[in-house]
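Visitor: Quick one: structure below, then a few questions.
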Amino acid sequence: MSIADDPDRAPARSHLYAMGLTDEDMRRPKIGIASTWTGTMPCNLTHRELAAHVAEGVRQAGGTPMEFNTIAVSDNLTMGTPGMRASLVSREVIADSIELMGRAHQFDAIVAIVGCDKTAPGAIMALSRLDVPSVVLYSGSMMPGRWRDRDVTIQDMWEALGERSVGKLTQDDVDDLARHACPGAGTCAAQYTANTMSGICDFLGLAPFGVGDIPAVAPAKNDAARLVGEIVMDALARDARPSRVITEASLHNAIVSVAAMGGSTNSVLHLLAIAREAGVPLAIDDIDRICHQVPIVAGVKPAGPHSAADLWRAGGTSLVVRRLLDAGLLREDVVLVDGRTLAEVAGEAREEPGQEVVRTVAAPVKGPGALAVLRGSLAPDGCVLKLGGKPDFVFSGPARVFDGEEACFAAIQARQIIDGDVVIVRYEGPAGGPGMREMLSITGALVGQGLDVALVTDGRFSGVSHGLVIGHVAPEAYRGGPLALVQNGDTVVVDSAARTLDLRVDPAELDLRARAWSRPERPVERGVLAKYVATVGSASDGAVTI
């Protein structure tokens, strides 16, 4: 019985009448529109407008839209500050808040509008818990900026800090670049974490292929949002709920998409978390196995020279599907939320004549291995290497140890890091940070200075980061992992072919260090961070809360 016809729901009807709804509106399916709009960053700035267009599509297709909002944290604005501790924590808050709204208001279906990094995985986690027919709408990337006759993105901004420290750029140059790097609304303009997650939404089957590719400021985006409103009504009619869409096969395809487009290391955390919420078995080593088989075919920054807008013009994720299907790398027995098959998506892809962004598997941008999972004496439970399609290598060097990001960044700026060092940044893990901060200020400075070093941390990396970077080391230092025992000058060896990260120190010496180790003191956390520290698990399991 609908709320319009239940005699005992008259008090509830009075509030709906107050909102202007009619009895007929109340008899139609209720479609929740979960917006992650915020006025604190450009990434999600268009969500209010998109929500209105989604609502229009829902009404036209016979539903009653009901919009609600949740939070979003800007990784770029918080980078290198204590505020970055809120970033990964926000994924859990987003998931919990969307879930609570869905349970409270019992929507028949949901559209989740996502943008900056943690909104997509947070939304998918919530949709998996609610398990009502759902569609994800990615709001789109910003266009690249233009500076000194070349396209630039936020990646250029962070690397400019390192270039400034070695005299390649002046502060005036950096300030001028800042005025041009980000020309308008949208997420960061290349295959960083937000666009990596957009691809995952497509390949999981929760987002219609082609919609997420459209840049945030393109006029076609509003039309696409209206279409999403219609698609969710069709998904409701077909009962295309997440438990039917997110399967072992679709997770396989999502991992393939990360590898094929040179995606962010953050995808490992988010895929593990999504699989857990969906009840589909997935281990960190499964991600390594799949990535090891897939070359990088999309030359989008940081794996190549192109922007997200270039990928859209070239043919987008639909064209990537065509390439991967041709090579037999995708599982075709999947449900897509818009009712199409992967073969239909590939057949409808429009390739721009002469485009150089999306290559074939036979002639890729780079070889297999966008990401790799390493284990060893320094990471018994695993860690993630941003391999970036590089040939196998061994890197060995002396450890330079820092207890936190700030100390490391200061040393880099003071030119105290030299070629061959293995830079260790610890106590930045899920509990130790807390919140597993991204080390973009460090990686940007290292690249900007042109240093040949390895960076190893129990923290995370931005999708912008590249170079020899290894994150998510588990167990983390704060919980007594081997990273806590490393001392300056210890030899650390990275072997990409063997998939190992080892500390070359005598076991008896390590045992002595372990007995002498005590967890570093820090100010007592309060509120949400205290709850997070008490409940968060290992990065090797997705850094999910219990």
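Within each chain, counting starts at residue 1; across the structure tokens, chains are named A, B, ... in the order shown, with ligands numbered 1 upward in that order.
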At a cut-off of 10 Å, can you tabulate as JSON lines every residue of range 174-285 of chain A near range 375-389 of chain A together with its closest atom pair and the distance in Å to one decimal, using only C-alpha atoms and ordering rows by chain then number?
Guide:
{"residue": "A:Ala259", "atom": "CA", "partner": "A:Gly388", "partner_atom": "CA", "distance": 8.8}
{"residue": "A:Ala260", "atom": "CA", "partner": "A:Gly389", "partner_atom": "CA", "distance": 9.8}
{"residue": "A:Met261", "atom": "CA", "partner": "A:Gly388", "partner_atom": "CA", "distance": 9.9}
{"residue": "A:Gly262", "atom": "CA", "partner": "A:Gly388", "partner_atom": "CA", "distance": 6.4}
{"residue": "A:Gly263", "atom": "CA", "partner": "A:Gly388", "partner_atom": "CA", "distance": 8.7}
{"residue": "A:Ser264", "atom": "CA", "partner": "A:Lys386", "partner_atom": "CA", "distance": 7.9}
{"residue": "A:Thr265", "atom": "CA", "partner": "A:Lys386", "partner_atom": "CA", "distance": 6.5}
{"residue": "A:Asn266", "atom": "CA", "partner": "A:Val384", "partner_atom": "CA", "distance": 9.3}
{"residue": "A:Val268", "atom": "CA", "partner": "A:Val384", "partner_atom": "CA", "distance": 8.1}
{"residue": "A:Leu269", "atom": "CA", "partner": "A:Val384", "partner_atom": "CA", "distance": 9.8}
{"residue": "A:Ile284", "atom": "CA", "partner": "A:Gly382", "partner_atom": "CA", "distance": 7.8}
{"residue": "A:Asp285", "atom": "CA", "partner": "A:Gly382", "partner_atom": "CA", "distance": 8.4}
Visitor: Write a file of the selected residues as a compact mmCIF listing (two decimals), in the first residue's frame, keeping all heavy atoms.
Guide:
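Result went into part34.txt, see below:
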# COMPACT_ATOMS: atom_id res chain seq x y z
N ALA A 259 43.79 -1.22 -14.68
CA ALA A 259 45.07 -1.56 -15.31
C ALA A 259 45.17 -0.96 -16.71
O ALA A 259 46.21 -0.39 -17.07
CB ALA A 259 45.21 -3.08 -15.38
N ALA A 260 44.11 -1.07 -17.49
CA ALA A 260 44.16 -0.62 -18.88
C ALA A 260 44.27 0.89 -19.02
O ALA A 260 44.77 1.38 -20.03
CB ALA A 260 42.92 -1.12 -19.62
N MET A 261 43.79 1.62 -18.00
CA MET A 261 43.84 3.08 -18.08
C MET A 261 44.86 3.69 -17.12
O MET A 261 44.85 4.90 -16.89
CB MET A 261 42.44 3.65 -17.85
CG MET A 261 41.47 3.27 -18.96
SD MET A 261 39.90 4.17 -18.95
CE MET A 261 39.05 3.33 -17.64
N GLY A 262 45.75 2.85 -16.57
CA GLY A 262 46.82 3.36 -15.72
C GLY A 262 46.31 4.08 -14.50
O GLY A 262 46.77 5.17 -14.17
N GLY A 263 45.37 3.45 -13.80
CA GLY A 263 44.64 4.13 -12.73
C GLY A 263 45.39 4.25 -11.41
O GLY A 263 46.53 3.82 -11.25
N SER A 264 44.70 4.83 -10.46
CA SER A 264 45.25 5.21 -9.16
C SER A 264 45.41 4.01 -8.23
O SER A 264 44.59 3.07 -8.24
CB SER A 264 44.31 6.23 -8.51
OG SER A 264 44.59 6.42 -7.15
N THR A 265 46.44 4.07 -7.39
CA THR A 265 46.62 3.05 -6.35
C THR A 265 45.46 3.03 -5.37
O THR A 265 45.17 1.99 -4.76
CB THR A 265 47.92 3.28 -5.58
OG1 THR A 265 47.95 4.63 -5.09
CG2 THR A 265 49.14 3.05 -6.45
N ASN A 266 44.76 4.17 -5.21
CA ASN A 266 43.60 4.20 -4.30
C ASN A 266 42.53 3.21 -4.72
O ASN A 266 41.71 2.78 -3.90
CB ASN A 266 43.01 5.60 -4.26
CG ASN A 266 43.83 6.55 -3.41
OD1 ASN A 266 44.16 6.25 -2.28
ND2 ASN A 266 44.18 7.69 -3.97
N VAL A 268 42.77 0.20 -5.28
CA VAL A 268 42.92 -1.07 -4.57
C VAL A 268 42.10 -1.04 -3.28
O VAL A 268 41.34 -1.97 -2.98
CB VAL A 268 44.41 -1.35 -4.28
CG1 VAL A 268 44.55 -2.62 -3.44
CG2 VAL A 268 45.19 -1.48 -5.59
N LEU A 269 42.27 0.04 -2.50
CA LEU A 269 41.49 0.18 -1.26
C LEU A 269 40.00 0.13 -1.56
O LEU A 269 39.22 -0.54 -0.87
CB LEU A 269 41.82 1.51 -0.58
CG LEU A 269 43.18 1.68 0.07
CD1 LEU A 269 43.33 3.12 0.55
CD2 LEU A 269 43.35 0.72 1.23
N ILE A 284 43.68 -8.86 -2.13
CA ILE A 284 44.61 -7.93 -2.72
C ILE A 284 45.47 -8.60 -3.80
O ILE A 284 45.80 -7.99 -4.83
CB ILE A 284 45.48 -7.28 -1.62
CG1 ILE A 284 46.26 -6.08 -2.18
CG2 ILE A 284 46.38 -8.27 -0.95
CD1 ILE A 284 46.96 -5.28 -1.11
N ASP A 285 45.78 -9.87 -3.63
CA ASP A 285 46.59 -10.58 -4.62
C ASP A 285 45.82 -10.85 -5.90
O ASP A 285 46.43 -11.01 -6.97
CB ASP A 285 47.12 -11.89 -4.03
CG ASP A 285 48.08 -11.64 -2.88
OD1 ASP A 285 49.05 -10.89 -3.07
OD2 ASP A 285 47.82 -12.15 -1.77
Visitor: Using the chain letters and numbers from this document, which residues of range 93-328 of chain A does DSSP assign to strand (DSSP E), as a PyMOL selection string?
Guide: chain A and resi 109-114+134-138+145-147+150-152+295-296
Visitor: Go ahead and save the picked residues with all heavy atoms, as a tab-separated table (two decimals), in the first residue's frame.
Guide:
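What landed in result_29.tsv:
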chain	number	residue	atom	x	y	z
A	109	ALA	N	14.38	3.25	-5.54
A	109	ALA	CA	15.61	3.22	-6.33
A	109	ALA	C	16.40	4.48	-5.99
A	109	ALA	O	15.86	5.43	-5.41
A	109	ALA	CB	15.31	3.14	-7.82
A	110	ILE	N	17.68	4.48	-6.37
A	110	ILE	CA	18.54	5.61	-6.02
A	110	ILE	C	19.46	5.95	-7.19
A	110	ILE	O	19.99	5.06	-7.86
A	110	ILE	CB	19.41	5.30	-4.77
A	110	ILE	CG1	18.52	5.09	-3.54
A	110	ILE	CG2	20.43	6.42	-4.50
A	110	ILE	CD1	19.29	4.71	-2.29
A	111	VAL	N	19.63	7.26	-7.40
A	111	VAL	CA	20.71	7.77	-8.26
A	111	VAL	C	21.71	8.45	-7.34
A	111	VAL	O	21.34	9.32	-6.54
A	111	VAL	CB	20.19	8.78	-9.31
A	111	VAL	CG1	21.36	9.40	-10.06
A	111	VAL	CG2	19.23	8.11	-10.27
A	112	ALA	N	22.98	8.07	-7.44
A	112	ALA	CA	24.04	8.70	-6.65
A	112	ALA	C	24.90	9.54	-7.58
A	112	ALA	O	25.47	9.02	-8.55
A	112	ALA	CB	24.88	7.65	-5.94
A	113	ILE	N	24.98	10.84	-7.30
A	113	ILE	CA	25.80	11.75	-8.11
A	113	ILE	C	27.13	11.92	-7.39
A	113	ILE	O	27.18	12.39	-6.25
A	113	ILE	CB	25.11	13.11	-8.29
A	113	ILE	CG1	23.71	12.92	-8.87
A	113	ILE	CG2	25.94	14.02	-9.19
A	113	ILE	CD1	22.91	14.21	-8.97
A	114	VAL	N	28.22	11.52	-8.05
A	114	VAL	CA	29.53	11.47	-7.40
A	114	VAL	C	30.54	12.28	-8.20
A	114	VAL	O	30.34	12.57	-9.38
A	114	VAL	CB	30.01	10.01	-7.26
A	114	VAL	CG1	29.02	9.20	-6.44
A	114	VAL	CG2	30.25	9.36	-8.63
A	134	SER	N	19.86	0.89	-8.64
A	134	SER	CA	20.67	2.09	-8.44
A	134	SER	C	21.49	2.41	-9.68
A	134	SER	O	21.95	1.51	-10.40
A	134	SER	CB	21.63	1.90	-7.26
A	134	SER	OG	20.93	1.55	-6.08
A	135	VAL	N	21.70	3.70	-9.89
A	135	VAL	CA	22.54	4.19	-10.98
A	135	VAL	C	23.51	5.22	-10.40
A	135	VAL	O	23.12	6.04	-9.56
A	135	VAL	CB	21.72	4.84	-12.11
A	135	VAL	CG1	22.63	5.30	-13.25
A	135	VAL	CG2	20.66	3.88	-12.63
A	136	VAL	N	24.76	5.18	-10.84
A	136	VAL	CA	25.75	6.17	-10.44
A	136	VAL	C	25.98	7.14	-11.58
A	136	VAL	O	26.18	6.73	-12.73
A	136	VAL	CB	27.08	5.50	-10.04
A	136	VAL	CG1	28.14	6.55	-9.72
A	136	VAL	CG2	26.87	4.57	-8.85
A	137	LEU	N	25.94	8.43	-11.27
A	137	LEU	CA	26.23	9.49	-12.25
A	137	LEU	C	27.49	10.21	-11.81
A	137	LEU	O	27.51	10.87	-10.77
A	137	LEU	CB	25.06	10.47	-12.34
A	137	LEU	CG	25.32	11.78	-13.11
A	137	LEU	CD1	25.73	11.51	-14.55
A	137	LEU	CD2	24.09	12.68	-13.06
A	138	TYR	N	28.56	10.07	-12.60
A	138	TYR	CA	29.80	10.79	-12.33
A	138	TYR	C	29.70	12.17	-12.98
A	138	TYR	O	29.41	12.28	-14.16
A	138	TYR	CB	30.97	10.00	-12.91
A	138	TYR	CG	32.33	10.64	-12.74
A	138	TYR	CD1	32.86	10.89	-11.48
A	138	TYR	CD2	33.10	10.98	-13.85
A	138	TYR	CE1	34.12	11.46	-11.33
A	138	TYR	CE2	34.36	11.54	-13.71
A	138	TYR	CZ	34.85	11.79	-12.45
A	138	TYR	OH	36.10	12.36	-12.31
A	145	GLY	N	43.92	22.97	-18.07
A	145	GLY	CA	44.28	24.37	-18.20
A	145	GLY	C	45.29	24.56	-19.33
A	145	GLY	O	45.78	23.58	-19.92
A	146	ARG	N	45.61	25.80	-19.60
A	146	ARG	CA	46.57	26.11	-20.66
A	146	ARG	C	47.59	27.09	-20.11
A	146	ARG	O	47.22	28.15	-19.59
A	146	ARG	CB	45.85	26.71	-21.87
A	146	ARG	CG	46.70	26.78	-23.13
A	146	ARG	CD	46.83	25.44	-23.78
A	146	ARG	NE	47.67	25.50	-24.98
A	146	ARG	CZ	48.17	24.45	-25.59
A	146	ARG	NH1	47.88	23.23	-25.14
A	146	ARG	NH2	48.93	24.58	-26.66
A	147	TRP	N	48.87	26.73	-20.19
A	147	TRP	CA	49.94	27.58	-19.63
A	147	TRP	C	51.18	27.43	-20.49
A	147	TRP	O	51.65	26.33	-20.74
A	147	TRP	CB	50.24	27.16	-18.19
A	147	TRP	CG	51.15	28.08	-17.44
A	147	TRP	CD1	50.90	29.35	-17.05
A	147	TRP	CD2	52.47	27.76	-16.96
A	147	TRP	NE1	51.97	29.87	-16.36
A	147	TRP	CE2	52.95	28.91	-16.28
A	147	TRP	CE3	53.28	26.63	-17.02
A	147	TRP	CZ2	54.20	28.96	-15.68
A	147	TRP	CZ3	54.53	26.68	-16.42
A	147	TRP	CH2	54.98	27.82	-15.76
A	150	ARG	N	50.98	24.93	-23.46
A	150	ARG	CA	50.79	23.49	-23.23
A	150	ARG	C	49.63	23.28	-22.27
A	150	ARG	O	49.31	24.14	-21.47
A	150	ARG	CB	52.06	22.84	-22.69
A	150	ARG	CG	52.50	23.34	-21.31
A	150	ARG	CD	53.84	22.73	-20.92
A	150	ARG	NE	54.34	23.24	-19.65
A	150	ARG	CZ	54.18	22.64	-18.47
A	150	ARG	NH1	53.50	21.50	-18.40
A	150	ARG	NH2	54.69	23.17	-17.36
A	151	ASP	N	48.99	22.09	-22.41
A	151	ASP	CA	47.93	21.71	-21.50
A	151	ASP	C	48.54	21.37	-20.14
A	151	ASP	O	49.59	20.71	-20.06
A	151	ASP	CB	47.16	20.50	-22.02
A	151	ASP	CG	46.18	20.87	-23.11
A	151	ASP	OD1	45.98	22.07	-23.36
A	151	ASP	OD2	45.63	19.94	-23.74
A	152	VAL	N	47.88	21.81	-19.07
A	152	VAL	CA	48.34	21.53	-17.72
A	152	VAL	C	47.18	21.05	-16.86
A	152	VAL	O	46.01	21.35	-17.14
A	152	VAL	CB	49.00	22.77	-17.07
A	152	VAL	CG1	50.32	23.11	-17.73
A	152	VAL	CG2	48.06	23.98	-17.11
A	295	PRO	N	47.89	-4.68	-20.34
A	295	PRO	CA	48.72	-3.52	-20.65
A	295	PRO	C	47.93	-2.22	-20.53
A	295	PRO	O	46.69	-2.22	-20.50
A	295	PRO	CB	49.13	-3.76	-22.10
A	295	PRO	CG	47.98	-4.54	-22.68
A	295	PRO	CD	47.47	-5.40	-21.55
A	296	ILE	N	48.65	-1.12	-20.46
A	296	ILE	CA	48.02	0.19	-20.42
A	296	ILE	C	47.71	0.61	-21.86
A	296	ILE	O	48.61	0.77	-22.68
A	296	ILE	CB	48.93	1.23	-19.73
A	296	ILE	CG1	49.19	0.82	-18.28
A	296	ILE	CG2	48.30	2.62	-19.79
A	296	ILE	CD1	50.21	1.69	-17.56
Visitor: Counting only C-alpha atoms, which residue out of A:Asp338, A:Asp326, A:Asp490, A:Glu525 sits closest to Pro398 in chain A?
Guide: A:Asp490
Visitor: What is the distance between CA of Gly167 in chain A and CA of Phe409 in chain A, in Å to one decimal?
Guide: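 Answer for the CA of Gly167 in chain A to CA of Phe409 in chain A separation: 16.9 Å.
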Visitor: Apply DSSP to the structure's backbone, then extract all residues of range 108-329 of chain A labelled alpha helix (DSSP H) and return them as a ChimeraX atom specification.
Guide: /A:119-130,154-165,171-178,193-204,220-238,242-245,248-260,266-278,284-291,308-314,316-326
Visitor: Per residue of range 244-313 of chain A within 12 Å of range 339-343 of chain A, which atom pair is closest and at what distance in Å (one decimal), using only C-alpha atoms, listed by chain and increasing number, as a tab-separated table?
Guide:
residue	atom	partner	partner_atom	distance
A:Val245	CA	A:Gly339	CA	10.7
A:Ser250	CA	A:Leu342	CA	10.9
A:Asn253	CA	A:Leu342	CA	10.5
Visitor: Include N, CA and C atoms and write out the residues we just selected as a compact mmCIF listing (two decimals), in the first residue's frame.
Guide:
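Listing of result.txt after writing:
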# COMPACT_ATOMS: atom_id res chain seq x y z
N VAL A 245 24.31 -6.69 -10.16
CA VAL A 245 25.29 -6.00 -11.02
C VAL A 245 26.72 -6.26 -10.55
N SER A 250 32.03 -8.75 -12.81
CA SER A 250 32.08 -7.29 -12.98
C SER A 250 33.24 -6.68 -12.20
N ASN A 253 36.23 -7.07 -14.33
CA ASN A 253 36.24 -6.05 -15.38
C ASN A 253 36.68 -4.69 -14.83
Visitor: Counting only C-alpha atoms, which residues in range 158-227 of chain A sit no more than 9 Å from range 54-74 of chain A? For each one, give the nearest pair of atoms and the distance in Å, sorted by chain then residue number, as CSV.
Guide:
residue,atom,partner,partner_atom,distance
A:Asn222,CA,A:Val54,CA,8.3
A:Asp223,CA,A:Val54,CA,8.9
A:Ala224,CA,A:Val54,CA,8.5
A:Ala225,CA,A:Val54,CA,4.9
A:Arg226,CA,A:Gly57,CA,4.3
A:Leu227,CA,A:Gly57,CA,6.1
Visitor: Write out as JSON, numbers by chain which residues come within 9 Å of Met84 in chain A when counting only C-alpha atoms, dropping same-chain ones fewer than 6 positions away.
Guide: {"A": [73, 74, 75, 76, 77, 78, 435, 436, 437, 438]}
Visitor: At a cut-off of 10 Å, using only C-alpha atoms, what residues contact Leu468 in chain A? Leave out same-chain residues fewer than 6 positions from it and give the result as a PyMOL selection string.
Guide: chain A and resi 385-388+390+395+422+443+447+452-456+494
Visitor: What would the file look like if the residues just selected were written as a PDB file, in the first residue's frame with N, CA and C atoms?
Guide:
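Output file again.pdb follows:
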ATOM      1  N   LEU A 385      52.529  -1.145  -5.318  1.00  0.00           N
ATOM      2  CA  LEU A 385      53.511  -0.422  -6.116  1.00  0.00           C
ATOM      3  C   LEU A 385      52.818   0.152  -7.339  1.00  0.00           C
ATOM      4  N   LYS A 386      53.008   1.457  -7.585  1.00  0.00           N
ATOM      5  CA  LYS A 386      52.511   2.049  -8.827  1.00  0.00           C
ATOM      6  C   LYS A 386      53.549   1.767  -9.907  1.00  0.00           C
ATOM      7  N   LEU A 387      53.391   0.631 -10.574  1.00  0.00           N
ATOM      8  CA  LEU A 387      54.382   0.154 -11.531  1.00  0.00           C
ATOM      9  C   LEU A 387      54.340   0.945 -12.825  1.00  0.00           C
ATOM     10  N   GLY A 388      53.130   1.345 -13.234  1.00  0.00           N
ATOM     11  CA  GLY A 388      52.994   2.197 -14.413  1.00  0.00           C
ATOM     12  C   GLY A 388      53.465   1.568 -15.704  1.00  0.00           C
ATOM     13  N   LYS A 390      56.102  -0.145 -16.276  1.00  0.00           N
ATOM     14  CA  LYS A 390      57.557  -0.178 -16.447  1.00  0.00           C
ATOM     15  C   LYS A 390      58.043  -1.623 -16.523  1.00  0.00           C
ATOM     16  N   PHE A 395      65.447  -2.292  -7.228  1.00  0.00           N
ATOM     17  CA  PHE A 395      65.955  -1.029  -6.669  1.00  0.00           C
ATOM     18  C   PHE A 395      66.387  -1.314  -5.244  1.00  0.00           C
ATOM     19  N   VAL A 422      66.068   5.273  -0.343  1.00  0.00           N
ATOM     20  CA  VAL A 422      64.726   4.718  -0.170  1.00  0.00           C
ATOM     21  C   VAL A 422      64.079   5.519   0.959  1.00  0.00           C
ATOM     22  N   THR A 443      55.644  13.234  -3.356  1.00  0.00           N
ATOM     23  CA  THR A 443      55.921  12.692  -4.692  1.00  0.00           C
ATOM     24  C   THR A 443      56.068  13.805  -5.713  1.00  0.00           C
ATOM     25  N   VAL A 447      59.526  14.310  -7.902  1.00  0.00           N
ATOM     26  CA  VAL A 447      59.519  14.325  -9.365  1.00  0.00           C
ATOM     27  C   VAL A 447      60.015  15.670  -9.878  1.00  0.00           C
ATOM     28  N   ASP A 452      66.033  10.207  -8.447  1.00  0.00           N
ATOM     29  CA  ASP A 452      65.849   8.780  -8.680  1.00  0.00           C
ATOM     30  C   ASP A 452      65.862   8.076  -7.331  1.00  0.00           C
ATOM     31  N   VAL A 453      64.701   7.987  -6.717  1.00  0.00           N
ATOM     32  CA  VAL A 453      64.565   7.403  -5.395  1.00  0.00           C
ATOM     33  C   VAL A 453      63.349   6.494  -5.367  1.00  0.00           C
ATOM     34  N   ALA A 454      63.230   5.710  -4.312  1.00  0.00           N
ATOM     35  CA  ALA A 454      62.009   4.961  -4.018  1.00  0.00           C
ATOM     36  C   ALA A 454      61.355   5.596  -2.794  1.00  0.00           C
ATOM     37  N   LEU A 455      60.045   5.599  -2.790  1.00  0.00           N
ATOM     38  CA  LEU A 455      59.287   6.113  -1.643  1.00  0.00           C
ATOM     39  C   LEU A 455      58.389   5.003  -1.130  1.00  0.00           C
ATOM     40  N   VAL A 456      58.520   4.688   0.148  1.00  0.00           N
ATOM     41  CA  VAL A 456      57.770   3.596   0.769  1.00  0.00           C
ATOM     42  C   VAL A 456      57.023   4.155   1.975  1.00  0.00           C
ATOM     43  N   VAL A 494      63.638  -3.421  -3.417  1.00  0.00           N
ATOM     44  CA  VAL A 494      62.381  -3.584  -4.153  1.00  0.00           C
ATOM     45  C   VAL A 494      62.676  -4.439  -5.382  1.00  0.00           C
TER      46      VAL A 494
END
Visitor: Mind checking which residues fall within 8 Å of Val492 in chain A, counting only C-alpha atoms, ignoring those fewer than 4 positions away in the same chain, and posting them as a list in words?
Guide: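 The neighbour list is Ser396, Gly397, Pro398, Ala399, Val422, Leu501, Asp502, Leu503 and Arg504 of chain A.
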Visitor: For the selection just defined, write its residues with N, CA, C and O atoms to a file, as a PDB file, in the first residue's frame.
Guide:
ATOM      1  N   SER A 396      67.641  -1.001  -4.936  1.00  0.00           N
ATOM      2  CA  SER A 396      68.178  -1.224  -3.596  1.00  0.00           C
ATOM      3  C   SER A 396      68.872   0.042  -3.131  1.00  0.00           C
ATOM      4  O   SER A 396      69.605   0.674  -3.906  1.00  0.00           O
ATOM      5  N   GLY A 397      68.624   0.422  -1.881  1.00  0.00           N
ATOM      6  CA  GLY A 397      69.255   1.635  -1.378  1.00  0.00           C
ATOM      7  C   GLY A 397      69.117   1.780   0.115  1.00  0.00           C
ATOM      8  O   GLY A 397      68.400   1.018   0.780  1.00  0.00           O
ATOM      9  N   PRO A 398      69.799   2.790   0.660  1.00  0.00           N
ATOM     10  CA  PRO A 398      69.729   3.032   2.103  1.00  0.00           C
ATOM     11  C   PRO A 398      68.439   3.752   2.486  1.00  0.00           C
ATOM     12  O   PRO A 398      67.960   4.639   1.774  1.00  0.00           O
ATOM     13  N   ALA A 399      67.899   3.373   3.618  1.00  0.00           N
ATOM     14  CA  ALA A 399      66.652   3.985   4.092  1.00  0.00           C
ATOM     15  C   ALA A 399      66.918   5.385   4.642  1.00  0.00           C
ATOM     16  O   ALA A 399      67.908   5.618   5.347  1.00  0.00           O
ATOM     17  N   VAL A 422      66.068   5.273  -0.343  1.00  0.00           N
ATOM     18  CA  VAL A 422      64.726   4.718  -0.170  1.00  0.00           C
ATOM     19  C   VAL A 422      64.079   5.519   0.959  1.00  0.00           C
ATOM     20  O   VAL A 422      64.433   5.372   2.133  1.00  0.00           O
ATOM     21  N   LEU A 501      59.219  -6.723  -1.278  1.00  0.00           N
ATOM     22  CA  LEU A 501      59.751  -5.525  -0.628  1.00  0.00           C
ATOM     23  C   LEU A 501      60.397  -6.006   0.664  1.00  0.00           C
ATOM     24  O   LEU A 501      59.708  -6.437   1.590  1.00  0.00           O
ATOM     25  N   ASP A 502      61.729  -5.946   0.718  1.00  0.00           N
ATOM     26  CA  ASP A 502      62.445  -6.558   1.839  1.00  0.00           C
ATOM     27  C   ASP A 502      63.359  -5.574   2.540  1.00  0.00           C
ATOM     28  O   ASP A 502      63.936  -4.668   1.921  1.00  0.00           O
ATOM     29  N   LEU A 503      63.491  -5.794   3.837  1.00  0.00           N
ATOM     30  CA  LEU A 503      64.426  -5.065   4.688  1.00  0.00           C
ATOM     31  C   LEU A 503      65.589  -6.002   4.988  1.00  0.00           C
ATOM     32  O   LEU A 503      65.414  -7.056   5.601  1.00  0.00           O
ATOM     33  N   ARG A 504      66.781  -5.625   4.536  1.00  0.00           N
ATOM     34  CA  ARG A 504      67.945  -6.485   4.699  1.00  0.00           C
ATOM     35  C   ARG A 504      68.644  -6.173   6.027  1.00  0.00           C
ATOM     36  O   ARG A 504      69.672  -5.497   6.073  1.00  0.00           O
TER      37      ARG A 504
END
Visitor: Which is closer to Gly299 in chain A than all the others in A:Met142, A:Val337, A:Val469, A:Val320, using only C-alpha atoms?
Guide: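 Of all the options, A:Val320 lies closest to Gly299 in chain A.
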Visitor: Give the answer as one residue: which of A:Ala484, A:Leu371, A:Ile3, A:Val505 has the shortest atom-to-atom distance to Ile470 in chain A, using only C-alpha atoms?
Guide: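 Of all the options, A:Leu371 lies closest to Ile470 in chain A.
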Visitor: Check which residues of range 50-92 of chain A sit at most 12 Å from range 401-408 of chain A using only C-alpha atoms, and return one row each with the closest pair of atoms and their distance in Å to one decimal, ordered by chain and rising number, as a tab-separated table.
Guide:
residue	atom	partner	partner_atom	distance
A:Met79	CA	A:Glu405	CA	10.4
A:Gly80	CA	A:Glu406	CA	7.3
A:Thr81	CA	A:Glu406	CA	8.5
A:Pro82	CA	A:Glu406	CA	9.8
A:Met84	CA	A:Glu405	CA	11.1
A:Arg85	CA	A:Glu405	CA	11.7
Visitor: Leaving out Arg27 in chain A and any residue of its chain fewer than 4 positions from it, which residues lie within 7 Å of it when counting only C-alpha atoms, given as number ranges by chain?
Guide: A: 2, 4, 23
Visitor: So that I have them on file, write out the residues from the current selection with N, CA and C atoms, as a short mmCIF file (atom, residue, chain, number, x, y, z; two decimals), in the first residue's frame.
Guide:
data_model
loop_
_atom_site.label_atom_id
_atom_site.label_comp_id
_atom_site.auth_asym_id
_atom_site.auth_seq_id
_atom_site.Cartn_x
_atom_site.Cartn_y
_atom_site.Cartn_z
N SER A 2 0.58 2.19 -0.87
CA SER A 2 1.39 3.40 -0.94
C SER A 2 1.08 4.31 0.24
N ALA A 4 0.14 7.20 0.07
CA ALA A 4 -1.06 8.00 -0.24
C ALA A 4 -2.34 7.29 0.17
N ASP A 23 -1.22 13.41 -4.16
CA ASP A 23 -1.47 11.98 -3.91
C ASP A 23 -0.88 11.13 -5.03
#
